[in-house]
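S.K.: Handing you this structure, nothing more for now.
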Amino acid sequence: MTNGSTTKTSTRLFVNLFGQRHVLTFVVFTALLLFGNLHPIDALTASSGAVTIQDEPIRLSNGVTARVIFSIPPSSTTKPPILFLHGSFHGAWCWKEHYIPYFAERGYPCVAFNWRGTDGNPAAEGVKKVKIVEDHCNDLRALLETLPSILGIKQDDENGIVCRPIVVSHSMGGIIVMKYLDELFSSDNKSTTPKDIFSGIVSLCSVPPSGNSKTTMRYLRRSLLDTYKITVGFVFKKVVTDDTICRDCFFGGNSDEDNFGVSDEDLARYQQYFERDTKAVLDVLDLGKRAPSLTADANGRAPFLADLPPCLVVGATNDFIVDDVANAETAAYYSVDEVYVDSPHDIMIGRNWKKGADVVYKWIEKSLLT
């Protein structure tokens, strides 16, 4: 049987399985698909050995009050702070589970932020969609201005006491960082560069600078069933209610023998977080018109390439959402080679979380501290 015949047969089976009406609906939404933006957070002050993790509402310099999870090492340190930024359907909580204790125990001050539209940073009453520039980039700018006070660091530029965090972003958080830097480059203030703001930039399973539309179309050509799962999972929020789709999208799937370190109890807890963090989502049409790739050069590289600090791009070998082409696009934007770890999309949760953390830690120690 030829490839064309196989494709036609698969398509007929797919239509028969789900119905023509549902298939047409999901294809239409697929063309618009770009992760929504959501997040959760439990009020907490947790302790992990000598590490204390706090969760407090913080008033940012732009007047927004957001819950911030942070951990300050008990003894003084010269190591730069690490700023963790989550992706869609997640919140600052996803870094608290493993990454914040891991890096705080190694002497790094850690801060995890909730994007606008999440339970930890609600959008205004009645707002269902948030903007990448007016909301997310604005909040990131205000967070960076507020960061020294969160960490108890006295800012003194003249004497070299500055707060330049290492930013570690996941999924949709990655493209927000790119857009923030793009807006900085396009502004009238040319005296401030990316390396003046960040000590290093780490992108984990990041949405690429062109957004998710190209990735979605690649999935559509490759597998209708996978595209259906991603579309209903994110657009119709089935990751909240359908265990199988949730596991496939974020946690590596499931079988009778292996749950990839995410128990049924963990999954139910995460789905509760996903539900409370989907009150307002990212306006994907707005993002498409303002994607960072629009100002990149012919090779897909960022226009501010010469002013970047050291950068690391990490992909996951078992990522259901961000494919190799997308990871290569992000790596090209930062002009680095991507590296891979054995993990599903949620690189910071589940059994293999330490593999990603080890890669980031070793890179920081080698590239930033030596």
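Simple scheme: letters A, B, ... for chains in structure tokens order, numbers from 1 for residues in each chain, numbers from 1 for ligands in the order shown.
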Give me the residues within 10 Å of Val325 of chain A as a CSV table (one decimal) with C-alpha atoms, in the first residue's frame, counting only C-alpha atoms and dropping any in the same chain fewer than 2 places off.
M.R.:
```
chain,number,residue,atom,x,y,z
A,208,PRO,CA,10.0,28.3,19.9
A,214,LYS,CA,4.3,25.6,13.0
A,215,THR,CA,4.8,22.8,15.6
A,218,ARG,CA,3.9,19.4,11.8
A,322,VAL,CA,7.7,20.4,21.8
A,323,ASP,CA,9.4,18.5,19.0
A,327,ASN,CA,14.0,22.9,20.0
A,328,ALA,CA,16.4,23.5,17.1
A,329,GLU,CA,14.6,26.8,16.4
A,330,THR,CA,15.0,28.0,19.9
A,331,ALA,CA,18.7,27.0,19.9
```
S.K.: Kindly provide the residues of segment 217-257 of chain A that approach segment 339-363 of chain A to within 8 Å, each paired with its closest atom pair and their distance in Å to one decimal, based on only C-alpha atoms, listed by chain and increasing number, as a Markdown table.
M.R.:
```
| residue | atom | partner | partner_atom | distance |
| --- | --- | --- | --- | --- |
| A:Cys249 | CA | A:His345 | CA | 7.2 |
| A:Phe250 | CA | A:His345 | CA | 5.2 |
| A:Phe251 | CA | A:Pro344 | CA | 5.5 |
| A:Gly252 | CA | A:Pro344 | CA | 4.8 |
```
S.K.: For Gly87 of chain A, list every protein, DNA or RNA residue within 7 Å, evaluated using only C-alpha atoms, and leave out those in the same chain fewer than 5 positions away; present the list as JSON, numbers by chain.
M.R.: {"A": [37, 170, 171, 172, 173]}
S.K.: Set the distance at 9 Å and use only C-alpha atoms: which residues neighbour segment 161-167 of chain A once local chain neighbours fewer than 2 positions away are removed? I'd like the list as a list in words.
M.R.: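 The contact residues come out as Pro80, Pro81, Ile82, Leu83, Phe84, Leu85, Leu144, Leu147, Pro148, Ile153, Lys154, Gln155, Asp156, Asp157, Glu158, Asn159, Ser169, Val177, Lys195, Asp196, Ile197, Phe198, Ser199, Gly200, Ile201, Val202, Ser203 and Ile364 of chain A.
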S.K.: In Å, with one decimal, what is the gap from atom CA of Asp266 of chain A to atom CA of Ala92 of chain A?
M.R.: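 Atom CA of Asp266 of chain A sits 16.3 Å away from atom CA of Ala92 of chain A.
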S.K.: Distance table requested - segment 281-300 of chain A against segment 125-140 of chain A, cut-off 7 Å, only C-alpha atoms: one row per qualifying residue with the closest atom pair and its distance in Å to one decimal, ordered by chain and rising residue number, as a tab-separated table.
M.R.:
```
residue	atom	partner	partner_atom	distance
A:Val281	CA	A:Lys129	CA	4.8
A:Leu282	CA	A:Val130	CA	4.9
A:Asp283	CA	A:Lys129	CA	5.3
A:Asp286	CA	A:Lys131	CA	6.9
A:Leu287	CA	A:Ile132	CA	6.4
```
S.K.: Just the selected residues (N, CA and C atoms), exported as a CSV table (one decimal), in the first residue's frame, please.
M.R.:
```
chain,number,residue,atom,x,y,z
A,281,VAL,N,-6.2,32.9,29.9
A,281,VAL,CA,-5.2,32.3,29.0
A,281,VAL,C,-4.6,33.3,28.1
A,282,LEU,N,-3.4,32.9,27.6
A,282,LEU,CA,-2.7,33.7,26.7
A,282,LEU,C,-3.4,33.9,25.4
A,283,ASP,N,-3.5,35.2,24.9
A,283,ASP,CA,-4.1,35.5,23.7
A,283,ASP,C,-3.2,35.1,22.6
A,286,ASP,N,-2.8,37.3,19.4
A,286,ASP,CA,-2.0,38.5,19.7
A,286,ASP,C,-0.5,38.0,19.6
A,287,LEU,N,-0.2,36.9,20.2
A,287,LEU,CA,1.2,36.4,20.2
A,287,LEU,C,1.7,36.1,18.8
```
S.K.: Tell me, in Å to one decimal, how far atom CA of Arg276 of chain A is from atom CA of Pro122 of chain A.
M.R.: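 Answer for the atom CA of Arg276 of chain A to atom CA of Pro122 of chain A separation: 10.2 Å.
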S.K.: Enumerate the residues of segment 274-367 of chain A with a DSSP assignment of alpha helix (DSSP H), computed from the backbone, and present them as JSON, numbers by chain.
M.R.: {"A": [274, 275, 276, 284, 285, 286, 287, 288, 289, 324, 325, 326, 327, 328, 329, 330, 331, 332, 333, 334, 353, 354, 355, 356, 357, 358, 359, 360, 361, 362, 363, 364, 365, 366, 367]}
S.K.: Generate a file of the selected residues that holds N, CA, C and O atoms, formatted as a compact mmCIF listing (two decimals), in the first residue's frame.
M.R.:
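Contents of the output file again31.txt:
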```txt
# COMPACT_ATOMS: atom_id res chain seq x y z
N PHE A 274 -4.09 22.55 37.56
CA PHE A 274 -4.34 22.99 36.18
C PHE A 274 -5.69 23.69 36.07
O PHE A 274 -5.82 24.70 35.39
N GLU A 275 -6.68 23.15 36.77
CA GLU A 275 -8.03 23.73 36.68
C GLU A 275 -8.07 25.13 37.29
O GLU A 275 -8.63 26.05 36.70
N ARG A 276 -7.46 25.31 38.43
CA ARG A 276 -7.52 26.62 39.07
C ARG A 276 -6.64 27.64 38.38
O ARG A 276 -6.77 28.84 38.61
N VAL A 284 -3.49 33.92 21.95
CA VAL A 284 -2.57 33.34 20.98
C VAL A 284 -2.57 34.09 19.66
O VAL A 284 -1.57 34.11 18.95
N LEU A 285 -3.67 34.71 19.31
CA LEU A 285 -3.69 35.50 18.08
C LEU A 285 -2.79 36.72 18.22
O LEU A 285 -2.06 37.09 17.29
N ASP A 286 -2.84 37.35 19.39
CA ASP A 286 -1.96 38.48 19.67
C ASP A 286 -0.50 38.04 19.63
O ASP A 286 0.36 38.74 19.07
N LEU A 287 -0.20 36.89 20.23
CA LEU A 287 1.17 36.38 20.22
C LEU A 287 1.66 36.13 18.80
O LEU A 287 2.80 36.44 18.46
N GLY A 288 0.79 35.57 17.95
CA GLY A 288 1.19 35.30 16.58
C GLY A 288 1.61 36.55 15.83
O GLY A 288 2.50 36.50 14.98
N LYS A 289 0.99 37.67 16.16
CA LYS A 289 1.32 38.94 15.49
C LYS A 289 2.59 39.57 16.06
O LYS A 289 3.15 40.49 15.46
N ASP A 324 11.65 18.13 18.08
CA ASP A 324 13.05 18.44 17.83
C ASP A 324 13.22 19.69 16.98
O ASP A 324 14.17 20.46 17.18
N VAL A 325 12.34 19.88 16.01
CA VAL A 325 12.43 21.05 15.14
C VAL A 325 12.24 22.33 15.95
O VAL A 325 12.94 23.34 15.75
N ALA A 326 11.30 22.30 16.88
CA ALA A 326 11.06 23.46 17.74
C ALA A 326 12.26 23.74 18.63
O ALA A 326 12.66 24.90 18.82
N ASN A 327 12.85 22.68 19.20
CA ASN A 327 14.04 22.87 20.03
C ASN A 327 15.19 23.45 19.21
O ASN A 327 15.92 24.33 19.69
N ALA A 328 15.35 23.00 17.97
CA ALA A 328 16.40 23.52 17.11
C ALA A 328 16.16 25.00 16.78
O ALA A 328 17.11 25.79 16.68
N GLU A 329 14.89 25.38 16.63
CA GLU A 329 14.57 26.78 16.37
C GLU A 329 14.95 27.67 17.54
O GLU A 329 15.51 28.76 17.37
N THR A 330 14.65 27.20 18.75
CA THR A 330 15.03 27.97 19.94
C THR A 330 16.54 28.06 20.07
O THR A 330 17.09 29.13 20.39
N ALA A 331 17.23 26.95 19.81
CA ALA A 331 18.70 26.96 19.88
C ALA A 331 19.30 27.92 18.86
O ALA A 331 20.26 28.64 19.16
N ALA A 332 18.73 27.95 17.65
CA ALA A 332 19.22 28.87 16.63
C ALA A 332 19.01 30.32 17.06
O ALA A 332 19.85 31.18 16.79
N TYR A 333 17.90 30.59 17.71
CA TYR A 333 17.60 31.95 18.17
C TYR A 333 18.68 32.45 19.11
O TYR A 333 19.09 33.61 19.06
N TYR A 334 19.16 31.57 19.99
CA TYR A 334 20.21 31.93 20.94
C TYR A 334 21.61 31.59 20.42
O TYR A 334 22.60 31.82 21.13
N TRP A 353 13.18 13.99 36.97
CA TRP A 353 13.39 15.42 37.19
C TRP A 353 14.86 15.74 37.43
O TRP A 353 15.37 16.78 36.99
N LYS A 354 15.59 14.86 38.13
CA LYS A 354 16.97 15.15 38.51
C LYS A 354 17.90 15.18 37.30
O LYS A 354 18.93 15.87 37.32
N LYS A 355 17.54 14.47 36.24
CA LYS A 355 18.38 14.48 35.05
C LYS A 355 18.46 15.89 34.46
O LYS A 355 19.53 16.35 34.07
N GLY A 356 17.33 16.54 34.38
CA GLY A 356 17.32 17.92 33.89
C GLY A 356 18.01 18.87 34.84
O GLY A 356 18.78 19.74 34.43
N ALA A 357 17.74 18.70 36.15
CA ALA A 357 18.36 19.57 37.15
C ALA A 357 19.88 19.44 37.13
O ALA A 357 20.61 20.44 37.24
N ASP A 358 20.38 18.21 36.97
CA ASP A 358 21.83 18.00 36.93
C ASP A 358 22.46 18.70 35.72
O ASP A 358 23.54 19.29 35.82
N VAL A 359 21.78 18.62 34.56
CA VAL A 359 22.31 19.27 33.36
C VAL A 359 22.40 20.78 33.57
O VAL A 359 23.41 21.41 33.23
N VAL A 360 21.34 21.37 34.13
CA VAL A 360 21.34 22.82 34.37
C VAL A 360 22.41 23.18 35.40
O VAL A 360 23.17 24.15 35.20
N TYR A 361 22.49 22.44 36.48
CA TYR A 361 23.47 22.74 37.53
C TYR A 361 24.90 22.68 37.01
O TYR A 361 25.71 23.60 37.25
N LYS A 362 25.23 21.62 36.30
CA LYS A 362 26.60 21.46 35.79
C LYS A 362 26.93 22.56 34.79
O LYS A 362 28.06 23.06 34.76
N TRP A 363 25.95 22.96 33.99
CA TRP A 363 26.18 24.04 33.03
C TRP A 363 26.43 25.36 33.75
O TRP A 363 27.33 26.11 33.38
N ILE A 364 25.65 25.63 34.79
CA ILE A 364 25.85 26.86 35.55
C ILE A 364 27.25 26.89 36.18
O ILE A 364 27.97 27.88 36.09
N GLU A 365 27.61 25.78 36.82
CA GLU A 365 28.90 25.73 37.50
C GLU A 365 30.05 25.88 36.51
O GLU A 365 31.06 26.54 36.81
N LYS A 366 29.89 25.33 35.32
CA LYS A 366 30.98 25.39 34.33
C LYS A 366 30.99 26.69 33.54
O LYS A 366 32.04 27.30 33.34
N SER A 367 29.82 27.15 33.12
CA SER A 367 29.75 28.29 32.21
C SER A 367 29.66 29.65 32.89
O SER A 367 30.07 30.66 32.32
```
S.K.: When DSSP is applied to the backbone of this structure, which of segment 106-294 of chain A are assigned strand (DSSP E or B)? Write them out as a list of chain:residue names.
M.R.: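 Strand (DSSP E or B) assignments inside segment 106-294 of chain A correspond to A:Cys110, A:Val111, A:Ala112, A:Phe113, A:Thr118, A:Asn121, A:Lys129, A:Val130, A:Asp156, A:Ile161, A:Ile166, A:Val167, A:Val168, A:Ser169, A:His170, A:Gly200, A:Ile201, A:Val202, A:Ser203, A:Leu204, A:Val281, A:Leu282.
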S.K.: So that I can check the surroundings of Gly117 of chain A, please list as an MDAnalysis selection string every protein, DNA and RNA residue that reaches within 6 Å of it, counting only C-alpha atoms and ignoring chain neighbours fewer than 4 positions away.
M.R.: chainID A and resid 38 121:123 280
S.K.: Which residues, written as a short mmCIF file (atom, residue, chain, number, x, y, z; two decimals) with all heavy atoms, in the first residue's frame, have at least one atom at most 10 Å from Gly233 of chain A, with only C-alpha atoms counted and residues fewer than 3 positions away on the same chain left out?
M.R.:
```
data_model
loop_
_atom_site.label_atom_id
_atom_site.label_comp_id
_atom_site.auth_asym_id
_atom_site.auth_seq_id
_atom_site.Cartn_x
_atom_site.Cartn_y
_atom_site.Cartn_z
N PHE A 35 -0.26 27.34 23.48
CA PHE A 35 -0.60 27.06 24.86
C PHE A 35 -1.23 28.23 25.56
O PHE A 35 -0.72 29.32 25.51
CB PHE A 35 0.65 26.72 25.67
CG PHE A 35 1.41 25.57 25.15
CD1 PHE A 35 1.24 25.13 23.86
CD2 PHE A 35 2.32 24.96 25.96
CE1 PHE A 35 1.97 24.08 23.39
CE2 PHE A 35 3.05 23.91 25.49
CZ PHE A 35 2.87 23.48 24.22
N THR A 227 -2.41 15.03 17.35
CA THR A 227 -2.86 16.42 17.23
C THR A 227 -4.20 16.60 17.92
O THR A 227 -4.45 17.63 18.56
CB THR A 227 -2.99 16.82 15.75
OG1 THR A 227 -1.80 16.44 15.06
CG2 THR A 227 -3.20 18.31 15.60
N TYR A 228 -5.06 15.61 17.80
CA TYR A 228 -6.36 15.66 18.48
C TYR A 228 -6.15 15.75 19.99
O TYR A 228 -6.79 16.56 20.68
CB TYR A 228 -7.19 14.42 18.12
CG TYR A 228 -8.49 14.33 18.88
CD1 TYR A 228 -9.60 15.03 18.46
CD2 TYR A 228 -8.58 13.54 20.02
CE1 TYR A 228 -10.80 14.95 19.16
CE2 TYR A 228 -9.78 13.44 20.73
CZ TYR A 228 -10.88 14.16 20.29
OH TYR A 228 -12.05 14.08 20.98
N LYS A 229 -5.25 14.93 20.52
CA LYS A 229 -5.00 14.92 21.96
C LYS A 229 -4.48 16.28 22.44
O LYS A 229 -4.92 16.81 23.48
CB LYS A 229 -3.99 13.83 22.33
CG LYS A 229 -4.54 12.42 22.22
CD LYS A 229 -3.48 11.40 22.61
CE LYS A 229 -4.00 9.98 22.54
NZ LYS A 229 -2.96 8.99 22.93
N ILE A 230 -3.54 16.86 21.68
CA ILE A 230 -2.98 18.16 22.07
C ILE A 230 -4.05 19.24 21.98
O ILE A 230 -4.17 20.10 22.87
CB ILE A 230 -1.77 18.50 21.19
CG1 ILE A 230 -0.62 17.54 21.49
CG2 ILE A 230 -1.33 19.95 21.42
CD1 ILE A 230 0.57 17.71 20.56
N PHE A 236 -9.57 22.70 24.82
CA PHE A 236 -10.77 22.33 25.57
C PHE A 236 -10.45 21.88 27.00
O PHE A 236 -11.33 21.39 27.71
CB PHE A 236 -11.53 21.23 24.83
CG PHE A 236 -12.01 21.65 23.47
CD1 PHE A 236 -11.47 21.09 22.33
CD2 PHE A 236 -12.98 22.62 23.34
CE1 PHE A 236 -11.90 21.49 21.07
CE2 PHE A 236 -13.43 23.01 22.09
CZ PHE A 236 -12.88 22.45 20.94
N LYS A 237 -9.17 22.03 27.38
CA LYS A 237 -8.72 21.78 28.75
C LYS A 237 -8.99 20.35 29.23
O LYS A 237 -9.26 20.11 30.41
CB LYS A 237 -9.34 22.79 29.71
CG LYS A 237 -9.02 24.23 29.35
CD LYS A 237 -9.66 25.21 30.31
CE LYS A 237 -9.40 26.65 29.89
NZ LYS A 237 -10.05 27.63 30.78
N LYS A 238 -8.88 19.41 28.31
CA LYS A 238 -9.08 18.01 28.67
C LYS A 238 -7.96 17.47 29.57
O LYS A 238 -8.14 16.42 30.21
CB LYS A 238 -9.20 17.15 27.42
CG LYS A 238 -10.55 17.24 26.73
CD LYS A 238 -11.64 16.59 27.56
CE LYS A 238 -12.97 16.52 26.82
NZ LYS A 238 -14.01 15.87 27.63
N VAL A 239 -6.81 18.16 29.61
CA VAL A 239 -5.76 17.71 30.52
C VAL A 239 -6.23 17.79 31.97
O VAL A 239 -5.66 17.14 32.85
CB VAL A 239 -4.47 18.54 30.34
CG1 VAL A 239 -3.84 18.29 28.98
CG2 VAL A 239 -4.71 20.02 30.57
N VAL A 240 -7.25 18.57 32.21
CA VAL A 240 -7.80 18.71 33.56
C VAL A 240 -8.66 17.51 33.93
O VAL A 240 -8.69 17.09 35.10
CB VAL A 240 -8.61 20.02 33.68
CG1 VAL A 240 -9.30 20.11 35.04
CG2 VAL A 240 -7.71 21.23 33.47
N THR A 241 -9.36 16.94 32.96
CA THR A 241 -10.37 15.91 33.25
C THR A 241 -10.04 14.54 32.69
O THR A 241 -10.60 13.54 33.13
CB THR A 241 -11.73 16.35 32.71
OG1 THR A 241 -11.63 16.57 31.29
CG2 THR A 241 -12.20 17.63 33.39
N ASP A 242 -9.18 14.45 31.69
CA ASP A 242 -8.86 13.18 31.04
C ASP A 242 -7.46 12.74 31.46
O ASP A 242 -6.46 13.32 31.05
CB ASP A 242 -8.95 13.34 29.52
CG ASP A 242 -8.87 12.00 28.78
OD1 ASP A 242 -7.87 11.27 29.00
OD2 ASP A 242 -9.77 11.70 27.99
N THR A 244 -5.63 10.12 30.70
CA THR A 244 -4.76 9.63 29.64
C THR A 244 -4.16 10.78 28.84
O THR A 244 -2.95 10.82 28.58
CB THR A 244 -5.53 8.70 28.69
OG1 THR A 244 -5.99 7.57 29.43
CG2 THR A 244 -4.64 8.22 27.55
N ILE A 245 -4.98 11.75 28.46
CA ILE A 245 -4.48 12.90 27.70
C ILE A 245 -3.51 13.71 28.55
O ILE A 245 -2.47 14.18 28.07
CB ILE A 245 -5.66 13.78 27.22
CG1 ILE A 245 -6.42 13.05 26.10
CG2 ILE A 245 -5.17 15.14 26.73
CD1 ILE A 245 -7.63 13.79 25.58
N CYS A 246 -3.81 13.87 29.83
CA CYS A 246 -2.93 14.61 30.73
C CYS A 246 -1.56 13.94 30.82
O CYS A 246 -0.52 14.59 30.71
CB CYS A 246 -3.56 14.72 32.11
SG CYS A 246 -2.63 15.75 33.28
N ASP A 248 -0.22 11.81 28.67
CA ASP A 248 0.46 11.86 27.38
C ASP A 248 1.10 13.23 27.15
O ASP A 248 2.25 13.32 26.70
CB ASP A 248 -0.53 11.56 26.24
CG ASP A 248 -0.87 10.08 26.13
OD1 ASP A 248 -0.13 9.25 26.70
OD2 ASP A 248 -1.88 9.75 25.49
N CYS A 249 0.38 14.29 27.43
CA CYS A 249 0.87 15.64 27.14
C CYS A 249 2.04 16.04 28.03
O CYS A 249 3.02 16.64 27.55
CB CYS A 249 -0.25 16.65 27.29
SG CYS A 249 -1.47 16.63 25.95
#
```
S.K.: List as a VMD selection string the protein and nucleic acid residues near segment 58-72 of chain A, meaning an atom at most 9 Å away when only C-alpha atoms are counted, but skip any in the same chain fewer than 6 places from it.
M.R.: chain A and resid 41 43 to 45 51 to 52 81 92 to 93 95 to 96 100 to 101 104 107 to 116 119 to 122 138 to 139 141 to 147 150 to 152
S.K.: Using atom CA of Asp55 of chain A and atom CA of Cys205 of chain A as the two end points, give the distance in Å to one decimal.
M.R.: 25.5 Å
